[in-house]
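**Student:** Please see the structure below; I have some questions.
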Amino acid sequence: MATTTDTKNYKFNHSMLRVKDPKASVKFYEFLGMSLIKHLQFPEAKFDLYFLAYDSPNALSSGNSTFDREGVIELTHNYGTENDDNYTVNNGNKEPHRGFGHVCISVDNIQAACNRIEQAGYKFQKKLTDGRMKHIAFALDPDGYWVEIVSLKIGTKGADDPNEPSDPSATDPKSYRMNHTMIRVKDAQKSLEFYQDKMGMTLFRTVEQEAAGFNLYFLGYPGEKGVPENGFTADYEGLLELTWNYGTEKDENFKYHDGNSQPQGFGHICVSVDNIDAACQRFETLNVNWKKRLTDGRMKNVAFVLDPDGYWVEIVQNERFAGKANF
């Protein structure tokens with residue numbers, strides 16, 4: 001394993017969500033075409049981790065080890081919540097606990113995909129026909145987390161063709177991508193600086209919605225796929241979407257919920273690196289704020305840095321560079 005670190009090797013590996021009932025949640029994400037690629041059990045600490053990703057032969061990270069991927073969803077289950085009638089998660093979209101917004105999948109046929117989800121009995125926060133934006137939908141997972149649905153053909157001819165077949169059989173979930181994770185940020189410039197200069201991400205696309213008073217910033221690691229041409233990002237996996245509502249940076253008392261304070265829900269995003277020791281030394285020289293250094297606590301193979309809003313960013317070893325599994 002190399003003794004230095006290069007951000008060109010970094011990957012936006014996963015996004016962690018706490019769930020009440022892992023059976024129901026795993027079933028939902030498998031219904032969206034994902035595969036359970038790793039299940040870690042920690043009975044002494046009374047929690048399990050479920051890692052799901054697109055893993056068909058056509059998937060971008062097909063066959064890779066768990067931490068040598070992008071677009072992974074990690075579900076965390078704390079034992080007993082499934083039997084607690086009073087337990088609910090914070091989905092990040094309800095006041096006063098807004099922060100995390102959603103995960104997003106991109107699909108081959110958005111009309112058929114949405115009909116398939118609806119016919120399976122899952123609920124929607126927003127259907128394609130709701131509101132002014134007819135090209136996106138938001139499904140609800142079993143815990144009420146929002147799952148945005150966009151077209152893999154968005155921005156191309158025929159992307160939103162209402163004549164596309166809507167029969168559920170006209171969509172192939174194995175062709176989907178886990179495209180991005182959205183978090184709201186207070187100060188766009190501070191967050192962009194953190195994710196670009198400290199985490200080594202590249203700004204792929206900016207969407208300015210001046211009339212609505214917000215901007216969207218899509219960041220990622222170019223990797224072998226490179227920076228998208230013409231801002232077309234729907235066919236990528238593992239992007240980070242920052243949502244900035246104008247004026248929040250001017251309010252000293254304004255703060256987003258990080259998901260780890262009560263009430264809990266979203267936990268963290270995770271970046272896998274080529275050499276975790278060298279990467280953490282680099283972060284030290286950049287004066288990041290730490291939640292957990294490698295040397296803290298019992299788990300000596302993971303670290304957590306804090307972004308400007310206090311969201312946790314886990315740092316793990318990419319197993320391809322280490323030549324061995326992390327767990």
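Ordered as shown in the structure tokens, chains take letters A, B, and onward, while each chain numbers its residues from 1 and ligands are numbered from 1 in the order shown.
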Write out as a VMD selection string which residues come within 6 Å of stretch 197-201 of chain A when counting only C-alpha atoms, dropping same-chain ones fewer than 2 positions away.

**Tutor:** chain A and resid 7 193 to 195 220 to 221

**Student:** Got a sec: who's within 7 Å of stretch 211-217 of chain A, counting only C-alpha atoms, leaving out chain neighbours fewer than 2 positions off, as a VMD selection string?

**Tutor:** chain A and resid 205 to 209 219 241 to 246

**Student:** Selection from above, C-alpha atoms, as a compact mmCIF listing (two decimals), in the first residue's frame, can you write it?

**Tutor:**
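Produced file selection.txt, reproduced below:
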```
# COMPACT_ATOMS: atom_id res chain seq x y z
CA ARG A 205 -22.60 21.30 -11.99
CA THR A 206 -24.29 24.36 -10.49
CA VAL A 207 -28.03 24.97 -10.77
CA GLU A 208 -29.15 28.48 -9.83
CA GLN A 209 -32.81 28.93 -8.97
CA LEU A 219 -19.81 17.57 -6.55
CA GLU A 241 -25.67 17.64 -3.88
CA LEU A 242 -25.42 20.72 -1.68
CA THR A 243 -28.58 22.80 -1.37
CA TRP A 244 -28.10 26.42 -0.32
CA ASN A 245 -31.10 28.59 0.51
CA TYR A 246 -30.23 32.26 0.01
```

**Student:** Just the residues within 6 Å of stretch 53-69 of chain A, please, counting only C-alpha atoms, with nothing from its chain fewer than 5 positions along; format it as a PyMOL selection string.

**Tutor:** chain A and resi 13+34-35+174+318

**Student:** Excluding stretch 89-99 of chain A and any residue of its chain fewer than 2 positions from it, enumerate the residues within 12 Å of it, using only C-alpha atoms, and give them as a PyMOL selection string.

**Tutor:** chain A and resi 17-21+76-78+81-82+84-87+101-103+125+140-147+181-186+242-245+254-268+309-311

**Student:** As a list in words, list the residues of stretch 240-324 of chain A assigned to helix (DSSP H, G or I) by DSSP on the backbone atoms of this structure.

**Tutor:**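 Of stretch 240-324 of chain A, only Thr248, Glu249, Lys250, Ile276, Asp277, Ala278, Ala279, Cys280, Gln281, Arg282, Phe283, Glu284, Thr285, Glu319, Arg320, Phe321 and Ala322 of chain A fall in helix (DSSP H, G or I).
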
**Student:** Output N, CA, C and O atoms for every residue in that selection, as a PDB file, in the first residue's frame.

**Tutor:**
```pdb
ATOM      1  N   THR A 248     -29.259  32.202   4.413  1.00  0.00           N
ATOM      2  CA  THR A 248     -29.029  31.475   5.665  1.00  0.00           C
ATOM      3  C   THR A 248     -27.654  31.798   6.245  1.00  0.00           C
ATOM      4  O   THR A 248     -27.469  31.794   7.466  1.00  0.00           O
ATOM      5  N   GLU A 249     -26.698  32.108   5.371  1.00  0.00           N
ATOM      6  CA  GLU A 249     -25.334  32.383   5.841  1.00  0.00           C
ATOM      7  C   GLU A 249     -25.245  33.688   6.628  1.00  0.00           C
ATOM      8  O   GLU A 249     -24.279  33.919   7.361  1.00  0.00           O
ATOM      9  N   LYS A 250     -26.249  34.533   6.499  1.00  0.00           N
ATOM     10  CA  LYS A 250     -26.239  35.828   7.177  1.00  0.00           C
ATOM     11  C   LYS A 250     -26.885  35.780   8.565  1.00  0.00           C
ATOM     12  O   LYS A 250     -26.831  36.763   9.309  1.00  0.00           O
ATOM     13  N   ILE A 276      -5.281   5.427   4.460  1.00  0.00           N
ATOM     14  CA  ILE A 276      -6.027   6.130   5.503  1.00  0.00           C
ATOM     15  C   ILE A 276      -5.112   6.893   6.462  1.00  0.00           C
ATOM     16  O   ILE A 276      -5.453   7.993   6.915  1.00  0.00           O
ATOM     17  N   ASP A 277      -3.930   6.363   6.733  1.00  0.00           N
ATOM     18  CA  ASP A 277      -3.004   7.079   7.621  1.00  0.00           C
ATOM     19  C   ASP A 277      -2.511   8.366   6.969  1.00  0.00           C
ATOM     20  O   ASP A 277      -2.515   9.432   7.589  1.00  0.00           O
ATOM     21  N   ALA A 278      -2.090   8.267   5.710  1.00  0.00           N
ATOM     22  CA  ALA A 278      -1.602   9.444   5.002  1.00  0.00           C
ATOM     23  C   ALA A 278      -2.724  10.453   4.778  1.00  0.00           C
ATOM     24  O   ALA A 278      -2.510  11.670   4.878  1.00  0.00           O
ATOM     25  N   ALA A 279      -3.938   9.957   4.495  1.00  0.00           N
ATOM     26  CA  ALA A 279      -5.071  10.859   4.289  1.00  0.00           C
ATOM     27  C   ALA A 279      -5.384  11.631   5.559  1.00  0.00           C
ATOM     28  O   ALA A 279      -5.628  12.843   5.522  1.00  0.00           O
ATOM     29  N   CYS A 280      -5.374  10.944   6.691  1.00  0.00           N
ATOM     30  CA  CYS A 280      -5.667  11.624   7.958  1.00  0.00           C
ATOM     31  C   CYS A 280      -4.561  12.616   8.324  1.00  0.00           C
ATOM     32  O   CYS A 280      -4.839  13.679   8.887  1.00  0.00           O
ATOM     33  N   GLN A 281      -3.322  12.296   7.984  1.00  0.00           N
ATOM     34  CA  GLN A 281      -2.231  13.251   8.201  1.00  0.00           C
ATOM     35  C   GLN A 281      -2.444  14.493   7.328  1.00  0.00           C
ATOM     36  O   GLN A 281      -2.198  15.616   7.767  1.00  0.00           O
ATOM     37  N   ARG A 282      -2.893  14.273   6.101  1.00  0.00           N
ATOM     38  CA  ARG A 282      -3.196  15.401   5.215  1.00  0.00           C
ATOM     39  C   ARG A 282      -4.303  16.266   5.813  1.00  0.00           C
ATOM     40  O   ARG A 282      -4.213  17.497   5.807  1.00  0.00           O
ATOM     41  N   PHE A 283      -5.357  15.627   6.324  1.00  0.00           N
ATOM     42  CA  PHE A 283      -6.448  16.392   6.938  1.00  0.00           C
ATOM     43  C   PHE A 283      -5.948  17.210   8.131  1.00  0.00           C
ATOM     44  O   PHE A 283      -6.401  18.331   8.361  1.00  0.00           O
ATOM     45  N   GLU A 284      -5.017  16.635   8.886  1.00  0.00           N
ATOM     46  CA  GLU A 284      -4.440  17.373  10.014  1.00  0.00           C
ATOM     47  C   GLU A 284      -3.761  18.660   9.532  1.00  0.00           C
ATOM     48  O   GLU A 284      -3.927  19.729  10.124  1.00  0.00           O
ATOM     49  N   THR A 285      -2.999  18.565   8.438  1.00  0.00           N
ATOM     50  CA  THR A 285      -2.296  19.749   7.930  1.00  0.00           C
ATOM     51  C   THR A 285      -3.277  20.790   7.399  1.00  0.00           C
ATOM     52  O   THR A 285      -2.946  21.974   7.339  1.00  0.00           O
ATOM     53  N   GLU A 319     -10.320  -0.741   0.103  1.00  0.00           N
ATOM     54  CA  GLU A 319      -9.709  -2.071   0.244  1.00  0.00           C
ATOM     55  C   GLU A 319      -8.849  -2.467  -0.957  1.00  0.00           C
ATOM     56  O   GLU A 319      -7.931  -3.286  -0.827  1.00  0.00           O
ATOM     57  N   ARG A 320      -9.124  -1.898  -2.112  1.00  0.00           N
ATOM     58  CA  ARG A 320      -8.322  -2.236  -3.303  1.00  0.00           C
ATOM     59  C   ARG A 320      -6.866  -1.836  -3.122  1.00  0.00           C
ATOM     60  O   ARG A 320      -5.964  -2.537  -3.582  1.00  0.00           O
ATOM     61  N   PHE A 321      -6.628  -0.737  -2.420  1.00  0.00           N
ATOM     62  CA  PHE A 321      -5.257  -0.271  -2.204  1.00  0.00           C
ATOM     63  C   PHE A 321      -4.577  -1.040  -1.055  1.00  0.00           C
ATOM     64  O   PHE A 321      -3.368  -1.195  -1.052  1.00  0.00           O
ATOM     65  N   ALA A 322      -5.384  -1.481  -0.109  1.00  0.00           N
ATOM     66  CA  ALA A 322      -4.820  -2.195   1.052  1.00  0.00           C
ATOM     67  C   ALA A 322      -4.608  -3.678   0.767  1.00  0.00           C
ATOM     68  O   ALA A 322      -3.769  -4.331   1.398  1.00  0.00           O
TER      69      ALA A 322
END
```

**Student:** Check the smallest atom-to-atom distance from each of A:Ala188, A:Ile315, A:Ala325, A:Ile117 to A:Ser272 using only C-alpha atoms, then report the winner.

**Tutor:**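 Once distances to A:Ser272 are computed over only C-alpha atoms, the minimum belongs to A:Ile315.
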